[in-house]
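Visitor: So here's input.cif, just mmCIF, C-alpha atoms, pLDDT in the B column; chains and numbers go by the auth columns:
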```
data_entry
#
loop_
_atom_site.group_PDB
_atom_site.id
_atom_site.type_symbol
_atom_site.label_atom_id
_atom_site.label_comp_id
_atom_site.label_asym_id
_atom_site.label_seq_id
_atom_site.Cartn_x
_atom_site.Cartn_y
_atom_site.Cartn_z
_atom_site.B_iso_or_equiv
_atom_site.auth_seq_id
_atom_site.auth_asym_id
ATOM 1 C CA MET A 1 53.999 48.796 49.491 73.00 1 M
ATOM 2 C CA ASN A 2 51.509 49.759 46.795 86.00 2 M
ATOM 3 C CA ILE A 3 50.448 46.099 46.376 90.00 3 M
ATOM 4 C CA ILE A 4 49.777 45.753 50.117 89.00 4 M
ATOM 5 C CA LYS A 5 47.563 48.867 50.048 89.00 5 M
ATOM 6 C CA LYS A 6 45.597 47.426 47.098 88.00 6 M
ATOM 7 C CA ILE A 7 45.163 44.081 48.863 89.00 7 M
ATOM 8 C CA LEU A 8 44.021 45.771 52.088 89.00 8 M
ATOM 9 C CA PHE A 9 41.641 48.038 50.144 86.00 9 M
ATOM 10 C CA GLY A 10 40.266 44.993 48.301 89.00 10 M
ATOM 11 C CA LEU A 11 39.705 43.113 51.569 90.00 11 M
ATOM 12 C CA LEU A 12 38.056 46.136 53.161 89.00 12 M
ATOM 13 C CA THR A 13 35.791 46.493 50.130 90.00 13 M
ATOM 14 C CA LEU A 14 34.773 42.808 50.417 89.00 14 M
ATOM 15 C CA VAL A 15 33.975 43.187 54.121 85.00 15 M
ATOM 16 C CA VAL A 16 31.895 46.328 53.542 84.00 16 M
ATOM 17 C CA LEU A 17 30.084 44.656 50.630 87.00 17 M
ATOM 18 C CA ALA A 18 29.312 41.576 52.759 82.00 18 M
ATOM 19 C CA LEU A 19 27.954 43.767 55.559 80.00 19 M
ATOM 20 C CA LEU A 20 25.762 45.658 53.097 85.00 20 M
ATOM 21 C CA ILE A 21 24.403 42.410 51.646 82.00 21 M
ATOM 22 C CA ALA A 22 23.641 41.141 55.173 81.00 22 M
ATOM 23 C CA LEU A 23 21.419 44.184 55.732 83.00 23 M
ATOM 24 C CA PHE A 24 19.030 42.881 53.081 82.00 24 M
ATOM 25 C CA LEU A 25 19.111 39.173 53.901 82.00 25 M
ATOM 26 C CA PRO A 26 16.483 37.532 56.131 80.00 26 M
ATOM 27 C CA LYS A 27 17.329 37.289 59.810 84.00 27 M
ATOM 28 C CA GLU A 28 14.711 34.654 60.605 87.00 28 M
ATOM 29 C CA PHE A 29 14.162 31.082 59.490 86.00 29 M
ATOM 30 C CA ALA A 30 11.401 28.523 59.925 92.00 30 M
ATOM 31 C CA VAL A 31 11.446 24.778 59.384 95.00 31 M
ATOM 32 C CA GLU A 32 8.479 22.427 59.714 97.00 32 M
ATOM 33 C CA ARG A 33 7.981 18.704 59.164 97.00 33 M
ATOM 34 C CA GLU A 34 4.932 16.481 59.563 98.00 34 M
ATOM 35 C CA ILE A 35 3.975 12.829 59.736 98.00 35 M
ATOM 36 C CA ALA A 36 0.812 10.736 60.009 98.00 36 M
ATOM 37 C CA ILE A 37 0.641 8.432 63.052 98.00 37 M
ATOM 38 C CA ASN A 38 -1.848 5.602 63.333 98.00 38 M
ATOM 39 C CA GLN A 39 -3.177 6.536 66.770 98.00 39 M
ATOM 40 C CA PRO A 40 -6.047 8.750 67.976 98.00 40 M
ATOM 41 C CA LYS A 41 -5.256 12.451 68.365 98.00 41 M
ATOM 42 C CA ASP A 42 -5.663 12.428 72.169 97.00 42 M
ATOM 43 C CA THR A 43 -3.182 9.558 72.523 97.00 43 M
ATOM 44 C CA VAL A 44 -0.595 11.350 70.397 98.00 44 M
ATOM 45 C CA PHE A 45 -1.075 14.755 72.025 98.00 45 M
ATOM 46 C CA ASN A 46 -0.935 13.343 75.539 97.00 46 M
ATOM 47 C CA TYR A 47 2.407 11.745 74.662 98.00 47 M
ATOM 48 C CA VAL A 48 4.149 14.662 72.931 98.00 48 M
ATOM 49 C CA LYS A 49 3.209 17.259 75.545 97.00 49 M
ATOM 50 C CA TYR A 50 5.606 15.702 78.079 98.00 50 M
ATOM 51 C CA LEU A 51 9.194 16.916 77.801 97.00 51 M
ATOM 52 C CA LYS A 52 10.560 13.674 79.255 96.00 52 M
ATOM 53 C CA ASN A 53 8.942 11.715 76.400 97.00 53 M
ATOM 54 C CA GLN A 54 11.109 13.599 73.902 94.00 54 M
ATOM 55 C CA ASP A 55 13.972 11.371 75.061 92.00 55 M
ATOM 56 C CA THR A 56 12.234 8.485 73.268 95.00 56 M
ATOM 57 C CA PHE A 57 11.990 10.159 69.867 96.00 57 M
ATOM 58 C CA SER A 58 14.097 13.320 69.548 93.00 58 M
ATOM 59 C CA VAL A 59 17.400 12.739 67.730 92.00 59 M
ATOM 60 C CA TRP A 60 19.020 15.451 69.848 86.00 60 M
ATOM 61 C CA SER A 61 18.399 13.400 72.992 85.00 61 M
ATOM 62 C CA THR A 62 20.498 10.541 71.622 85.00 62 M
ATOM 63 C CA LYS A 63 23.494 12.491 70.286 86.00 63 M
ATOM 64 C CA ASP A 64 25.345 12.306 73.613 88.00 64 M
ATOM 65 C CA PRO A 65 24.562 9.388 75.952 85.00 65 M
ATOM 66 C CA ALA A 66 26.622 11.108 78.700 90.00 66 M
ATOM 67 C CA MET A 67 24.508 14.285 78.524 93.00 67 M
ATOM 68 C CA LYS A 68 23.273 15.524 81.909 95.00 68 M
ATOM 69 C CA LYS A 69 19.538 16.275 81.951 95.00 69 M
ATOM 70 C CA THR A 70 17.459 18.233 84.429 97.00 70 M
ATOM 71 C CA PHE A 71 13.722 18.769 84.762 97.00 71 M
ATOM 72 C CA THR A 72 11.930 21.457 86.738 97.00 72 M
ATOM 73 C CA GLY A 73 8.260 22.217 87.128 98.00 73 M
ATOM 74 C CA THR A 74 5.400 19.869 86.368 98.00 74 M
ATOM 75 C CA ASP A 75 6.095 18.071 83.098 97.00 75 M
ATOM 76 C CA GLY A 76 3.374 18.527 80.502 97.00 76 M
ATOM 77 C CA THR A 77 2.325 21.938 81.844 98.00 77 M
ATOM 78 C CA VAL A 78 3.243 25.539 81.040 98.00 78 M
ATOM 79 C CA GLY A 79 6.468 26.447 82.812 98.00 79 M
ATOM 80 C CA ALA A 80 8.002 22.960 82.777 98.00 80 M
ATOM 81 C CA ILE A 81 11.675 23.102 81.802 98.00 81 M
ATOM 82 C CA ALA A 82 13.989 20.405 80.472 97.00 82 M
ATOM 83 C CA GLY A 83 17.673 21.293 80.571 97.00 83 M
ATOM 84 C CA TRP A 84 20.680 19.605 79.001 96.00 84 M
ATOM 85 C CA ASP A 85 24.409 19.889 79.539 95.00 85 M
ATOM 86 C CA SER A 86 26.833 18.156 77.203 93.00 86 M
ATOM 87 C CA LYS A 87 30.522 18.416 76.470 90.00 87 M
ATOM 88 C CA ASP A 88 29.719 17.411 72.864 88.00 88 M
ATOM 89 C CA GLU A 89 29.812 20.607 70.773 84.00 89 M
ATOM 90 C CA ASN A 90 26.953 19.291 68.614 82.00 90 M
ATOM 91 C CA VAL A 91 24.700 19.206 71.684 88.00 91 M
ATOM 92 C CA GLY A 92 25.992 21.954 73.982 93.00 92 M
ATOM 93 C CA VAL A 93 24.142 23.433 76.922 96.00 93 M
ATOM 94 C CA GLY A 94 20.614 24.785 77.033 96.00 94 M
ATOM 95 C CA GLU A 95 17.039 24.373 78.130 97.00 95 M
ATOM 96 C CA GLN A 96 13.557 24.049 76.703 97.00 96 M
ATOM 97 C CA GLU A 97 10.460 25.486 78.385 98.00 97 M
ATOM 98 C CA ILE A 98 6.810 24.825 77.631 98.00 98 M
ATOM 99 C CA THR A 99 5.396 28.325 77.109 98.00 99 M
ATOM 100 C CA LYS A 100 1.863 27.599 75.889 98.00 100 M
ATOM 101 C CA ILE A 101 -0.485 24.662 75.549 98.00 101 M
ATOM 102 C CA LYS A 102 -3.679 24.583 73.537 98.00 102 M
ATOM 103 C CA GLU A 103 -4.983 21.344 74.992 96.00 103 M
ATOM 104 C CA GLY A 104 -5.258 18.557 72.458 96.00 104 M
ATOM 105 C CA GLU A 105 -3.858 20.694 69.641 97.00 105 M
ATOM 106 C CA ARG A 106 -0.535 22.463 70.155 98.00 106 M
ATOM 107 C CA ILE A 107 2.428 22.878 72.490 98.00 107 M
ATOM 108 C CA ASP A 108 4.802 25.845 72.165 98.00 108 M
ATOM 109 C CA PHE A 109 8.370 25.784 73.450 98.00 109 M
ATOM 110 C CA GLU A 110 11.069 28.364 74.031 98.00 110 M
ATOM 111 C CA LEU A 111 14.555 26.970 73.442 97.00 111 M
ATOM 112 C CA ARG A 112 17.387 28.756 75.179 97.00 112 M
ATOM 113 C CA PHE A 113 20.772 27.712 73.864 94.00 113 M
ATOM 114 C CA LYS A 114 23.739 28.723 75.997 94.00 114 M
ATOM 115 C CA VAL A 115 26.735 26.815 74.536 90.00 115 M
ATOM 116 C CA PRO A 116 28.226 26.727 71.895 86.00 116 M
ATOM 117 C CA ILE A 117 26.215 29.738 70.659 83.00 117 M
ATOM 118 C CA GLU A 118 23.837 31.738 72.815 89.00 118 M
ATOM 119 C CA SER A 119 20.393 32.184 71.268 89.00 119 M
ATOM 120 C CA THR A 120 16.689 31.908 71.979 94.00 120 M
ATOM 121 C CA ASP A 121 14.507 30.153 69.440 95.00 121 M
ATOM 122 C CA PHE A 122 11.003 28.752 69.368 97.00 122 M
ATOM 123 C CA ALA A 123 9.518 25.376 68.514 97.00 123 M
ATOM 124 C CA TYR A 124 6.091 23.792 68.520 98.00 124 M
ATOM 125 C CA MET A 125 4.342 20.482 68.057 98.00 125 M
ATOM 126 C CA SER A 126 0.772 20.279 66.855 98.00 126 M
ATOM 127 C CA THR A 127 -1.688 17.446 66.377 98.00 127 M
ATOM 128 C CA GLU A 128 -4.606 17.255 63.978 98.00 128 M
ATOM 129 C CA ALA A 129 -7.027 14.364 63.549 98.00 129 M
ATOM 130 C CA ILE A 130 -6.976 12.871 60.058 97.00 130 M
ATOM 131 C CA SER A 131 -9.491 10.200 61.097 97.00 131 M
ATOM 132 C CA PRO A 132 -10.573 8.766 64.469 97.00 132 M
ATOM 133 C CA ASN A 133 -7.458 6.557 64.532 97.00 133 M
ATOM 134 C CA GLN A 134 -4.929 8.618 62.604 98.00 134 M
ATOM 135 C CA THR A 135 -3.222 11.881 63.570 98.00 135 M
ATOM 136 C CA LYS A 136 -1.076 14.369 61.692 98.00 136 M
ATOM 137 C CA VAL A 137 1.787 15.648 63.846 98.00 137 M
ATOM 138 C CA LYS A 138 3.683 18.787 62.875 98.00 138 M
ATOM 139 C CA TRP A 139 6.980 19.759 64.451 98.00 139 M
ATOM 140 C CA GLY A 140 8.262 23.229 63.714 97.00 140 M
ATOM 141 C CA PHE A 141 11.233 25.364 64.623 95.00 141 M
ATOM 142 C CA ASN A 142 11.576 29.143 64.281 93.00 142 M
ATOM 143 C CA GLY A 143 14.858 30.907 64.827 87.00 143 M
ATOM 144 C CA LYS A 144 16.679 34.177 64.367 85.00 144 M
ATOM 145 C CA MET A 145 20.194 34.942 63.319 82.00 145 M
ATOM 146 C CA PRO A 146 21.205 38.506 64.187 78.00 146 M
ATOM 147 C CA TYR A 147 22.990 40.871 61.820 82.00 147 M
ATOM 148 C CA PRO A 148 25.702 40.347 60.536 84.00 148 M
ATOM 149 C CA MET A 149 25.635 36.599 61.346 79.00 149 M
ATOM 150 C CA ASN A 150 22.570 36.303 59.086 76.00 150 M
ATOM 151 C CA LEU A 151 25.042 36.430 56.203 76.00 151 M
ATOM 152 C CA MET A 152 25.634 32.716 56.901 78.00 152 M
ATOM 153 C CA LEU A 153 21.960 31.687 56.570 76.00 153 M
ATOM 154 C CA PRO A 154 22.024 31.152 52.782 77.00 154 M
ATOM 155 C CA PHE A 155 25.040 28.865 53.184 75.00 155 M
ATOM 156 C CA MET A 156 23.784 26.894 56.183 77.00 156 M
ATOM 157 C CA ASN A 157 20.586 25.567 54.551 78.00 157 M
ATOM 158 C CA MET A 158 18.629 25.343 57.798 78.00 158 M
ATOM 159 C CA GLU A 159 15.709 23.772 55.932 83.00 159 M
ATOM 160 C CA GLN A 160 17.807 20.745 55.062 85.00 160 M
ATOM 161 C CA MET A 161 20.002 20.590 58.166 83.00 161 M
ATOM 162 C CA LEU A 162 17.316 21.106 60.809 89.00 162 M
ATOM 163 C CA GLY A 163 14.556 19.530 58.717 93.00 163 M
ATOM 164 C CA LYS A 164 16.352 16.179 58.673 94.00 164 M
ATOM 165 C CA ASP A 165 16.541 16.083 62.476 94.00 165 M
ATOM 166 C CA LEU A 166 12.871 17.044 62.822 96.00 166 M
ATOM 167 C CA GLN A 167 11.799 14.375 60.308 97.00 167 M
ATOM 168 C CA ASP A 168 13.970 11.707 61.942 97.00 168 M
ATOM 169 C CA GLY A 169 12.418 12.612 65.294 97.00 169 M
ATOM 170 C CA LEU A 170 8.913 12.340 63.862 98.00 170 M
ATOM 171 C CA ASN A 171 9.776 8.974 62.286 98.00 171 M
ATOM 172 C CA ASN A 172 10.988 7.799 65.718 97.00 172 M
ATOM 173 C CA LEU A 173 7.781 9.112 67.318 98.00 173 M
ATOM 174 C CA LYS A 174 5.699 7.126 64.813 98.00 174 M
ATOM 175 C CA VAL A 175 7.578 3.925 65.704 98.00 175 M
ATOM 176 C CA VAL A 176 7.179 4.528 69.450 97.00 176 M
ATOM 177 C CA LEU A 177 3.445 5.293 69.255 98.00 177 M
ATOM 178 C CA GLU A 178 2.506 2.592 66.769 97.00 178 M
ATOM 179 C CA LYS A 179 4.045 -0.275 68.804 90.00 179 M
#
```
Mind converting the file's structure to structure tokens?

Guide:
Amino acid sequence: MNIIKKILFGLLTLVVLALLIALFLPKEFAVEREIAINQPKDTVFNYVKYLKNQDTFSVWSTKDPAMKKTFTGTDGTVGAIAGWDSKDENVGVGEQEITKIKEGERIDFELRFKVPIESTDFAYMSTEAISPNQTKVKWGFNGKMPYPMNLMLPFMNMEQMLGKDLQDGLNNLKVVLEK
């Protein structure tokens, strides 16, 4: 009986220690990738501002060919929403809304994930002219992981995991726009 008490006390101590550590860990993360595309800034911006065009370059759009997609509002304007519904746990259910547009420069999105984990995160795409016929595109993602779930952030390596998908999407965008 004494051994069981020691084991339980040890486990309780580990849980309390983990919860204390989580208090001091970051609860937010940010990932950004960029690419140069050989097209004028206006051409690039006018392509990326449409949610439906993300189907041609976003890796998330191709993860489940059977995914159901919905669109509401006027695509390419504030308030437009693209929704997705997939039985694939790597895709899940959610929606993306255009929340702000700085014409020719930046589009901000709110991402509302419903399944498998409910959360609200933010993303953006920006364009910057490098030359008259070359544009730098940045794609960024900002998220939060509430306490005590933030204890997993150091182990998840969001920079690597999410960064790869953003970079692959930008590489796809470059191919599509440079055809």

Visitor: Suppose you want the space between atom CA of M:Asn90 and atom CA of M:Val175; what is it in Å?

Guide: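 So the answer is 24.9 Å.
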
Visitor: Which is closest to M:Lys41 among M:Thr135, M:Gly163, M:Asn157, M:Lys174, if we use all atoms listed in the file?

Guide: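 Among the listed residues, the smallest separation from M:Lys41 belongs to M:Thr135.
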
Visitor: Run through the PyMOL selection byres ((chain M and resi 58) around 9) on the given coordinates and return the selected residues as a list of chain:residue names.

Guide: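 For this structure, the PyMOL selection byres ((chain M and resi 58) around 9) resolves to M:Asn53, M:Gln54, M:Asp55, M:Thr56, M:Phe57, M:Val59, M:Trp60, M:Ser61, M:Thr62, M:Asp165, M:Leu166, M:Asp168, M:Gly169, M:Leu170, M:Asn172, M:Leu173.
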
Visitor: Give me the result of the PyMOL selection byres ((chain M and resi 65) around 12) on this file, residue by residue, as a PyMOL selection string.

Guide: chain M and resi 55+59-64+66-69+84-88+91

Visitor: Please produce a file of those selected residues containing C-alpha atoms, as a short mmCIF file (atom, residue, chain, number, x, y, z; two decimals), keeping the file's coordinate frame.

Guide:
```cif
data_model
loop_
_atom_site.label_atom_id
_atom_site.label_comp_id
_atom_site.auth_asym_id
_atom_site.auth_seq_id
_atom_site.Cartn_x
_atom_site.Cartn_y
_atom_site.Cartn_z
CA ASP M 55 13.97 11.37 75.06
CA VAL M 59 17.40 12.74 67.73
CA TRP M 60 19.02 15.45 69.85
CA SER M 61 18.40 13.40 72.99
CA THR M 62 20.50 10.54 71.62
CA LYS M 63 23.49 12.49 70.29
CA ASP M 64 25.34 12.31 73.61
CA ALA M 66 26.62 11.11 78.70
CA MET M 67 24.51 14.28 78.52
CA LYS M 68 23.27 15.52 81.91
CA LYS M 69 19.54 16.27 81.95
CA TRP M 84 20.68 19.60 79.00
CA ASP M 85 24.41 19.89 79.54
CA SER M 86 26.83 18.16 77.20
CA LYS M 87 30.52 18.42 76.47
CA ASP M 88 29.72 17.41 72.86
CA VAL M 91 24.70 19.21 71.68
#
```

Visitor: Since I can't run it myself right now, could you work out what the PyMOL selection byres ((chain M and resi 74) around 12) selects here and report it as a list in words?

Guide: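 Matching residues under the PyMOL selection byres ((chain M and resi 74) around 12) are Lys49, Tyr50, Leu51, Lys52, Phe71, Thr72, Gly73, Asp75, Gly76, Thr77, Val78, Gly79, Ala80, Ile81, Ala82, Glu97 and Ile98 of chain M.
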
Visitor: Go through M:Leu20, M:Leu25, M:Met152, M:Val48 one by one, measure the shortest atom-to-atom distance of each to M:Phe109 using only C-alpha atoms, and give the residue with the smallest value.

Guide: M:Val48

Visitor: Which of these residues is nearest to M:Glu118, using all atoms listed in the file: M:Gly94, M:Gln134, M:Asn46, M:Lys102?

Guide: M:Gly94

Visitor: Within 9 Å of M:Glu110, counting all atoms listed in the file, which residues qualify if same-chain residues fewer than 5 places away don't, as a list of chain:residue names?

Guide: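 Residues near the query, excluding close chain neighbours: M:Glu95, M:Gln96, M:Glu97, M:Ile98, M:Thr99, M:Thr120, M:Asp121, M:Phe122, M:Ala123, M:Tyr124.
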
Visitor: Please provide the set of residues having any atom within 10 Å of M:Ile21, restricted to only C-alpha atoms, with same-chain residues fewer than 3 positions apart removed, written as a list in words.

Guide: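 My list of contacting residues is Val15, Val16, Leu17, Ala18, Phe24, Leu25, Pro148, Asn150 and Leu151 of chain M.
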
Visitor: Taking (22.1, 25.0, 61.2) in the file's coordinates as the center, which residues reach within 12 Å of it, counting all atoms listed in the file, put as a list in words?

Guide: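 Those residues, ordered by chain and then number, are Phe29, Ala30, Val31, Asn90, Ile117, Phe141, Asn142, Gly143, Lys144, Met145, Asn150, Met152, Leu153, Pro154, Phe155, Met156, Asn157, Met158, Glu159, Gln160, Met161, Leu162, Gly163, Lys164 and Asp165 of chain M.
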
Visitor: Please write the residues from the selection above to a file, keeping C-alpha atoms, as a PDB file, in the coordinates of the input.

Guide:
```
ATOM      1  CA  PHE M  29      14.162  31.082  59.490  1.00 86.00           C
ATOM      2  CA  ALA M  30      11.401  28.523  59.925  1.00 92.00           C
ATOM      3  CA  VAL M  31      11.446  24.778  59.384  1.00 95.00           C
ATOM      4  CA  ASN M  90      26.953  19.291  68.614  1.00 82.00           C
ATOM      5  CA  ILE M 117      26.215  29.738  70.659  1.00 83.00           C
ATOM      6  CA  PHE M 141      11.233  25.364  64.623  1.00 95.00           C
ATOM      7  CA  ASN M 142      11.576  29.143  64.281  1.00 93.00           C
ATOM      8  CA  GLY M 143      14.858  30.907  64.827  1.00 87.00           C
ATOM      9  CA  LYS M 144      16.679  34.177  64.367  1.00 85.00           C
ATOM     10  CA  MET M 145      20.194  34.942  63.319  1.00 82.00           C
ATOM     11  CA  ASN M 150      22.570  36.303  59.086  1.00 76.00           C
ATOM     12  CA  MET M 152      25.634  32.716  56.901  1.00 78.00           C
ATOM     13  CA  LEU M 153      21.960  31.687  56.570  1.00 76.00           C
ATOM     14  CA  PRO M 154      22.024  31.152  52.782  1.00 77.00           C
ATOM     15  CA  PHE M 155      25.040  28.865  53.184  1.00 75.00           C
ATOM     16  CA  MET M 156      23.784  26.894  56.183  1.00 77.00           C
ATOM     17  CA  ASN M 157      20.586  25.567  54.551  1.00 78.00           C
ATOM     18  CA  MET M 158      18.629  25.343  57.798  1.00 78.00           C
ATOM     19  CA  GLU M 159      15.709  23.772  55.932  1.00 83.00           C
ATOM     20  CA  GLN M 160      17.807  20.745  55.062  1.00 85.00           C
ATOM     21  CA  MET M 161      20.002  20.590  58.166  1.00 83.00           C
ATOM     22  CA  LEU M 162      17.316  21.106  60.809  1.00 89.00           C
ATOM     23  CA  GLY M 163      14.556  19.530  58.717  1.00 93.00           C
ATOM     24  CA  LYS M 164      16.352  16.179  58.673  1.00 94.00           C
ATOM     25  CA  ASP M 165      16.541  16.083  62.476  1.00 94.00           C
TER      26      ASP M 165
END
```
